[in-house]
2 protein chains.
Amino acid sequence: MVVVGLGCAGACAAIAARDAGANVLVLERAASGGGTSALSGGLLYLGGGTPVQKACGFDDTPEEMQRFLVAACGPGVDEAKVRVYCEQSVEHFHWLVRQGVPFKESFWPQPSMEPPGDDCLVYSGGEDAFPFDRIARPAPRAHKPRHPAAAGGFLMQRLLAAVERSGAHVVADARCETLVVEADGRVVGLVVRKSGAEWLVGARHGVVLTAGGFANDAAMLARHAPLLSRCSWKLAVEGDDGRAIRMAMGAGADIARMEAGEVALPIAFPNRFGGGILVNRFGQRFVNEDTYAGRIGQETLLRQDGEAWFVADEPIYERDFAGIPATHVEESIADLERGMGLPEGALVATVEFYNRHAARGEDPLLHKKASFLTPLSRAPFAAIDCRPGSLQWATFTLGGLRTAATGEVLDPDGEPIPGLWAAGRTTLGIAAAGYVSGISLGDASFFGRRAGRGAATSRS
Amino acid sequence: MVVVGLGCAGACAAIAARDAGANVLVLERAASGGGTSALSGGLLYLGGGTPVQKACGFDDTPEEMQRFLVAACGPGVDEAKVRVYCEQSVEHFHWLVRQGVPFKESFWPQPSMEPPGDDCLVYSGGEDAFPFDRIARPAPRAHKPRHPAAAGGFLMQRLLAAVERSGAHVVADARCETLVVEADGRVVGLVVRKSGAEWLVGARHGVVLTAGGFANDAAMLARHAPLLSRCSWKLAVEGDDGRAIRMAMGAGADIARMEAGEVALPIAFPNRFGGGILVNRFGQRFVNEDTYAGRIGQETLLRQDGEAWFVADEPIYERDFAGIPATHVEESIADLERGMGLPEGALVATVEFYNRHAARGEDPLLHKKASFLTPLSRAPFAAIDCRPGSLQWATFTLGGLRTAATGEVLDPDGEPIPGLWAAGRTTLGIAAAGYVSGISLGDASFFGRRAGRGAATSRS
């Protein structure tokens with residue numbers, strides 16, 4: 001069988017397919033494996049009671065994890081996929097460890113971003129903030145491999161070593177151009193460009209597509225997700241050009257939720273907006289500032305057209321944004337509002353309302369935790385213009401091929417396309433609209449394994 | 001050639017193809033033609049200086065029309081499609097008249113809905129409200145055929161009569177099951193179920209798909225547009241089940257903006273929210289209440305999770321909602337806020353801010369026109385719970401097959417699929433995210449003509 005793309009999903013597919021006894025050829029477009037996974041922070045969303053969760057004193061179950069993911073990654077998540085992902089998450093943790101991916105039994109209390117040291121466990125999706133803290137029992141679930149700072153490169157080193165040990169045959173600098181489909185619709189191979197020539201590669205047991213998303217195809221992004229186009233920083237390698245998605249459509253595949261994307265305002269990590277307020281073009285608050293930074297990013301770009309300003313008083317600004325220049329500094333909120341070009345009295349009313357309740361430790365509007373609630377009262381007051389024209393926003397795509405929980409690629413009527421599997425950001429995974437950090441490597445590794453095993457054990 | 005589906009797009013395709021000299025077979029799934037078009041209000045979005053616009057004293061140009069549509073129907077509209085649509089709109093008006101569709105040279109000043117009498121011209125997309133009144137010179141462009149009240153049935157009577165005169169052969173009760181594609185990718189016919197048997201129908205010059213959207217396929221709607229699923233009233237006939245979209249994907253077609261939809265809160269028509277305020281779950285205003293009701297619907301469902309309440313004082317409520325029971329009535333805004341379950345002080349602050357500026361004829365937040373600005377001051381105060389659980393929301397789908405401005409169906413690489421054309425809500429038309437009333441029949445008729453002519457003159 002053939003695996004297209006050697007990021008996290010492709011590596012796990014190759015390993016699982018070799019474990020199931022198949023001959024495996026991996027075709028990687030770049031000079032070596034790793035892909036976008038190697039550029040990431042390395043967080044893997046795992047839970048339901050992993051050894052790390054238990055060692056750190058967090059009580060979690062597959063049911064709580066599922067309740068959270070359905071709420072945080074929706075609307076419109078594939079509940080069958082979420083169920084198997086949560087039920088088998090502890091088993092998947094152990095599988096990753098067996099592939100050589102170590103995890104330290106430690107918790108890092110600063111949420112939303114990978115720990116700066118080699119600590120492991122972190123809240124990464126607003127599990128402990130409104131509204132999710134009322135939907136499911138909060139537990140941190142993002143697991144970072146034991147490596148200082150961003151661990152995506154380290155994770156891929158370990159997985160690529162496991163691929164090598166598995167005996168899968170990796171060919172780099174090989175660009176897949178199209179799928180070969182028999183008259184009965186079965187995918188039986190690919191046309192591959194390598195060393196300046198086209199090669200016809202047969203794929204007994206079929207093809208597994210794990211070639212990333214489409215954030216780096218400007219035309220596809222503009223066509224399917226025009227709002228994401230406004231983010232100038234694509235968290236993606238060159239190969240994330242949607243080619244595999246288009247190839248699969250040529251073989252009859254369905255696509256889903258192509259508008260969906262992760263959206264991040266880099267200065268918001270880790271949860272740095274918690275102490276101040278974030279306001280829209282009307283001077284209104286619109287999201288609890290203590291939630292996951294990626295949620296703040298999506299709410300701001302997708303529902304407020306990217307129009308947002310962070311506002312704080314001096315002590316909070318100095319504590320959380322020291323060294324980052326404010327775009328507006330004034331001695332009063334009224335002056336700040338004027339300087340920001342907001343409607344007269346709008347920000348003044350918002351801050352009055354916020355301060356009145358914050359003084360009592362309450363946020364009746366957005367339910368920010370009491371520990372973040374300090375009235376904004378000490379001049380000067382500062383604002384950061386967070387609009388995409390002012391700051392660099394980051395994005396990658398979440399939509400893609402529609403797959404079953406087995407990793408089989410489905411056609412528009414929901415029937416599997418014989419010989420075609422997929423995983424990772426080439427597919428729509430767990431995150432169908434909302435997003436949590438760690439879910440991309442999480443579902444790429446989990447459904448990559450399933451796709452690899454499924455293809456390997458299918459009829460040849 | 002074969003036309004699949006006899007609504008507005010199919011009728012215009014059939015007429016244009018006959019005009020170009022082709023033999024035309026129209027296959028309609030229902031017992032007779034009309035489709036969802038016949039259930040509609042009959043508005044057609046036309047402009048750039050139609051005879052009706054001129055007779056009513058409105059100065060319009062293709063350029064102003066284009067500027068408006070790009071802003072109101074985006075983000076992400078196909079600018080090439082919009083351009084040709086606007087440039088040829090006056091010609092298209094005359095073509096419709098030649099097919100027997102009459103228009104009265106009159107203007108109806110109440111926006112957002114078809115005129116109750118046989119008047120023609122109406123503002124139907126917020127052209128004269130913020131922000132569009134600052135983007136393009138306002139002009140009403142929705143043209144209703146000369147017929148009392150809703151004119152969709154009348155429009156289709158006239159178009160079906162023109163189809164009959166054209167000599168196209170119409171077969172009803174015929175359900176298309178799949179496209180027949182040759183080895184080189186060309187669409188050459190269909191498998192059709194009729195009278196309990198399957199028939200293989202050849203299509204010299206190819207197939208034109210004009211079979212409606214997918215609002216009535218619950219699984220497709222949930223998969224592609226889960227927020228639209230919350231609207232219980234589908235503005236769609238049974239045939240709007242996405243079958244044609246899925247058939248075309250089987251032949252290699254791309255799809256686009258499947259998440260997009262028209263969203264309407266029926267009590268909002270015609271622009272009845274203008275006098276009061278619409279607030280979200282935080283008690284905040286979020287859209288100028290004097291804009292197009294469909295824009296209010298989209299903003300509320302897609303950006304506020306459908307959580308909205310209309311609030312007015314007694315004189316305004318009695319004037320605009322007489323006979324419609326309020327869900328909350330109280331002697332003060334503070335009591336109303338409590339009764340509605342809004343955060344303490346939130347609605348009070350919103351109304352104070354609104355009233356203070358409204359007394360001066362200003363709305364610095366959302367720029368509602370001065371004529372709508374009356375302070376809400378005369379008790380009792382009333383609210384209507386507008387959430388989908390309380391009121392019936394209406395929707396239909398806007399996403400669908402990706403087509404060129406010629407009506408050719410495109411594959412994911414942007415290449416036309418030989419022998420395959422499409423128009424109407426089977427395709428993504430002008431409205432890619434936003435919506436304006438009249439654009440569905442407008443682009444269905446316009447691109448239906450182009451698809452029919454294109455197919456008829458293509459190589460056989």
# chains A, B, ... in the order shown; residues from 1 in each chain; ligands from 1

call {"tool": "closest_atom_pairs", "arguments": {"of": "chain A", "to": "chain B", "cutoff": "7 Å", "atoms": "only C-alpha atoms", "output": "Markdown table"}}
result
| residue | atom | partner | partner_atom | distance |
| --- | --- | --- | --- | --- |
| A:Pro75 | CA | B:Pro226 | CA | 6.4 |
| A:Gly76 | CA | B:Pro226 | CA | 5.5 |
| A:Ala222 | CA | B:Gly76 | CA | 6.6 |
| A:Arg223 | CA | B:Gly76 | CA | 6.5 |
| A:His224 | CA | B:Arg257 | CA | 5.9 |
| A:Pro226 | CA | B:Gly76 | CA | 5.4 |
| A:Arg246 | CA | B:Pro412 | CA | 5.6 |
| A:Met249 | CA | B:Gly252 | CA | 6.5 |
| A:Gly250 | CA | B:Gly252 | CA | 5.3 |
| A:Gly252 | CA | B:Gly250 | CA | 5.3 |
| A:Ala256 | CA | B:His224 | CA | 6.1 |
| A:Arg257 | CA | B:His224 | CA | 5.9 |
| A:Phe282 | CA | B:Leu365 | CA | 5.8 |
| A:Arg303 | CA | B:Arg303 | CA | 5.1 |
| A:Pro343 | CA | B:Pro364 | CA | 5.3 |
| A:Glu344 | CA | B:Pro364 | CA | 6.9 |
| A:Pro364 | CA | B:Pro343 | CA | 5.3 |
| A:Leu365 | CA | B:Pro343 | CA | 5.6 |
| A:Pro412 | CA | B:Arg246 | CA | 5.6 |

call {"tool": "residues_around", "arguments": {"residues": "Phe321 of chain B", "least_positions_apart": "5", "cutoff": "9 Å", "atoms": "only C-alpha atoms", "output": "list in words"}}
result
Ile267, Arg272, Ile316 and Ala326 of chain B

call {"tool": "write_last_selection", "arguments": {"atoms": "N, CA and C atoms", "output": "compact mmCIF listing (two decimals), in the first residue's frame"}}
result
# COMPACT_ATOMS: atom_id res chain seq x y z
N ILE B 267 -41.13 37.02 11.16
CA ILE B 267 -41.79 38.23 11.68
C ILE B 267 -41.02 39.50 11.39
N ARG B 272 -39.55 45.09 9.90
CA ARG B 272 -40.42 45.52 10.97
C ARG B 272 -39.68 45.77 12.27
N ILE B 316 -44.35 51.82 19.84
CA ILE B 316 -43.70 51.16 18.70
C ILE B 316 -44.20 49.74 18.54
N ALA B 326 -46.41 39.52 22.63
CA ALA B 326 -45.04 39.65 23.13
C ALA B 326 -44.78 38.49 24.09

call {"tool": "closest_residue", "arguments": {"among": "A:Leu376, A:Ala264, A:Val436, A:Val207", "to": "Phe132 of chain A", "atoms": "only C-alpha atoms"}}
result
A:Val436

call {"tool": "residues_around", "arguments": {"residues": "Asp335 of chain A", "least_positions_apart": "4", "cutoff": "12 Å", "atoms": "only C-alpha atoms", "output": "CSV table (one decimal) with C-alpha atoms, in the first residue's frame"}}
result
chain,number,residue,atom,x,y,z
A,328,HIS,CA,-3.4,53.7,22.1
A,329,VAL,CA,-2.6,55.1,25.5
A,330,GLU,CA,-4.7,57.7,27.2
A,331,GLU,CA,-5.4,59.1,30.6
A,339,GLY,CA,-8.5,57.7,20.1
A,340,MET,CA,-9.6,54.2,19.0
A,341,GLY,CA,-12.3,55.7,16.9
A,342,LEU,CA,-15.1,53.8,18.7
A,343,PRO,CA,-18.7,55.2,18.9
A,344,GLU,CA,-19.0,57.9,21.6
A,345,GLY,CA,-19.8,56.6,25.0
A,346,ALA,CA,-19.7,52.9,23.9
A,347,LEU,CA,-16.4,51.9,25.6
A,348,VAL,CA,-17.2,54.1,28.6
A,379,ALA,CA,-4.6,55.4,34.4
A,380,PRO,CA,-3.1,55.5,32.0
A,381,PHE,CA,-5.3,53.1,29.9
A,382,ALA,CA,-4.0,51.2,27.0
A,383,ALA,CA,-5.4,49.4,24.0

call {"tool": "residues_around", "arguments": {"residues": "Ile277 of chain B", "least_positions_apart": "5", "cutoff": "8 Å", "atoms": "only C-alpha atoms", "output": "mmCIF file with all heavy atoms, in the first residue's frame"}}
result
data_model
loop_
_atom_site.group_PDB
_atom_site.id
_atom_site.type_symbol
_atom_site.label_atom_id
_atom_site.label_comp_id
_atom_site.auth_asym_id
_atom_site.auth_seq_id
_atom_site.Cartn_x
_atom_site.Cartn_y
_atom_site.Cartn_z
ATOM 1 N N ARG B 285 -26.975 45.408 21.356
ATOM 2 C CA ARG B 285 -27.371 45.491 19.949
ATOM 3 C C ARG B 285 -26.205 44.980 19.094
ATOM 4 O O ARG B 285 -25.037 45.057 19.490
ATOM 5 C CB ARG B 285 -27.701 46.929 19.555
ATOM 6 C CG ARG B 285 -28.981 47.455 20.222
ATOM 7 C CD ARG B 285 -29.157 48.925 19.905
ATOM 8 N NE ARG B 285 -29.466 49.141 18.501
ATOM 9 C CZ ARG B 285 -29.065 50.200 17.789
ATOM 10 N NH1 ARG B 285 -28.299 51.118 18.345
ATOM 11 N NH2 ARG B 285 -29.400 50.315 16.525
ATOM 12 N N GLU B 289 -31.176 47.755 12.936
ATOM 13 C CA GLU B 289 -32.471 47.098 12.805
ATOM 14 C C GLU B 289 -33.244 47.550 11.577
ATOM 15 O O GLU B 289 -34.308 46.968 11.259
ATOM 16 C CB GLU B 289 -33.321 47.353 14.064
ATOM 17 C CG GLU B 289 -32.732 46.765 15.344
ATOM 18 C CD GLU B 289 -31.719 47.683 16.046
ATOM 19 O OE1 GLU B 289 -31.417 48.761 15.489
ATOM 20 O OE2 GLU B 289 -31.245 47.313 17.138
ATOM 21 N N PHE B 310 -36.319 40.982 20.327
ATOM 22 C CA PHE B 310 -36.724 42.307 19.865
ATOM 23 C C PHE B 310 -37.357 43.038 21.042
ATOM 24 O O PHE B 310 -38.196 42.472 21.749
ATOM 25 C CB PHE B 310 -37.726 42.183 18.712
ATOM 26 C CG PHE B 310 -38.278 43.500 18.276
ATOM 27 C CD1 PHE B 310 -37.522 44.355 17.494
ATOM 28 C CD2 PHE B 310 -39.550 43.901 18.670
ATOM 29 C CE1 PHE B 310 -38.018 45.583 17.096
ATOM 30 C CE2 PHE B 310 -40.060 45.131 18.273
ATOM 31 C CZ PHE B 310 -39.291 45.974 17.483
ATOM 32 N N VAL B 311 -36.944 44.286 21.242
ATOM 33 C CA VAL B 311 -37.423 45.066 22.387
ATOM 34 C C VAL B 311 -38.010 46.389 21.889
ATOM 35 O O VAL B 311 -37.399 47.070 21.057
ATOM 36 C CB VAL B 311 -36.268 45.354 23.380
ATOM 37 C CG1 VAL B 311 -36.732 46.276 24.504
ATOM 38 C CG2 VAL B 311 -35.717 44.045 23.947
ATOM 39 N N ALA B 312 -39.174 46.747 22.394
ATOM 40 C CA ALA B 312 -39.805 48.010 22.002
ATOM 41 C C ALA B 312 -40.616 48.558 23.173
ATOM 42 O O ALA B 312 -40.896 47.834 24.126
ATOM 43 C CB ALA B 312 -40.707 47.805 20.793
#

call {"tool": "residues_around", "arguments": {"residues": "segment 415-428 of chain B", "least_positions_apart": "3", "cutoff": "7 Å", "atoms": "only C-alpha atoms", "output": "VMD selection string"}}
result
chain B and resid 9 185 to 188 205 to 213 244 to 245 256 398 to 403 407 to 411 432 440 443 to 444 447 to 448 451 455

call {"tool": "write_last_selection", "arguments": {"atoms": "C-alpha atoms", "output": "CSV table (one decimal), in the first residue's frame"}}
result
chain,number,residue,atom,x,y,z
B,9,ALA,CA,-33.2,28.0,-13.9
B,185,GLY,CA,-14.7,12.3,-18.5
B,186,ARG,CA,-17.4,13.7,-20.8
B,187,VAL,CA,-21.0,13.6,-19.5
B,188,VAL,CA,-23.1,12.0,-22.3
B,205,HIS,CA,-24.6,18.5,-26.1
B,206,GLY,CA,-24.6,17.4,-22.5
B,207,VAL,CA,-26.7,17.9,-19.4
B,208,VAL,CA,-27.8,21.0,-17.6
B,209,LEU,CA,-28.4,20.5,-13.8
B,210,THR,CA,-31.0,22.9,-12.5
B,211,ALA,CA,-32.5,20.8,-9.7
B,212,GLY,CA,-32.5,23.1,-6.7
B,213,GLY,CA,-30.5,23.1,-3.4
B,244,ALA,CA,-28.0,16.8,-8.5
B,245,ILE,CA,-25.1,18.1,-6.5
B,256,ALA,CA,-18.3,25.6,-2.8
B,398,LEU,CA,-26.9,28.8,-1.2
B,399,GLY,CA,-23.9,26.5,-1.6
B,400,GLY,CA,-23.5,24.0,-4.4
B,401,LEU,CA,-21.7,23.2,-7.5
B,402,ARG,CA,-18.8,25.5,-8.5
B,403,THR,CA,-19.5,26.9,-12.0
B,407,GLY,CA,-22.6,27.9,-16.5
B,408,GLU,CA,-20.0,25.2,-17.1
B,409,VAL,CA,-19.5,23.0,-14.0
B,410,LEU,CA,-15.9,23.0,-12.8
B,411,ASP,CA,-13.7,20.4,-11.3
B,432,ALA,CA,-21.7,33.4,-1.5
B,440,SER,CA,-31.9,33.5,-6.4
B,443,ASP,CA,-29.1,34.4,-11.0
B,444,ALA,CA,-31.1,31.2,-11.7
B,447,PHE,CA,-27.1,31.8,-15.5
B,448,GLY,CA,-29.8,29.3,-16.5
B,451,ALA,CA,-26.0,27.3,-19.3
B,455,ALA,CA,-24.7,23.5,-23.7
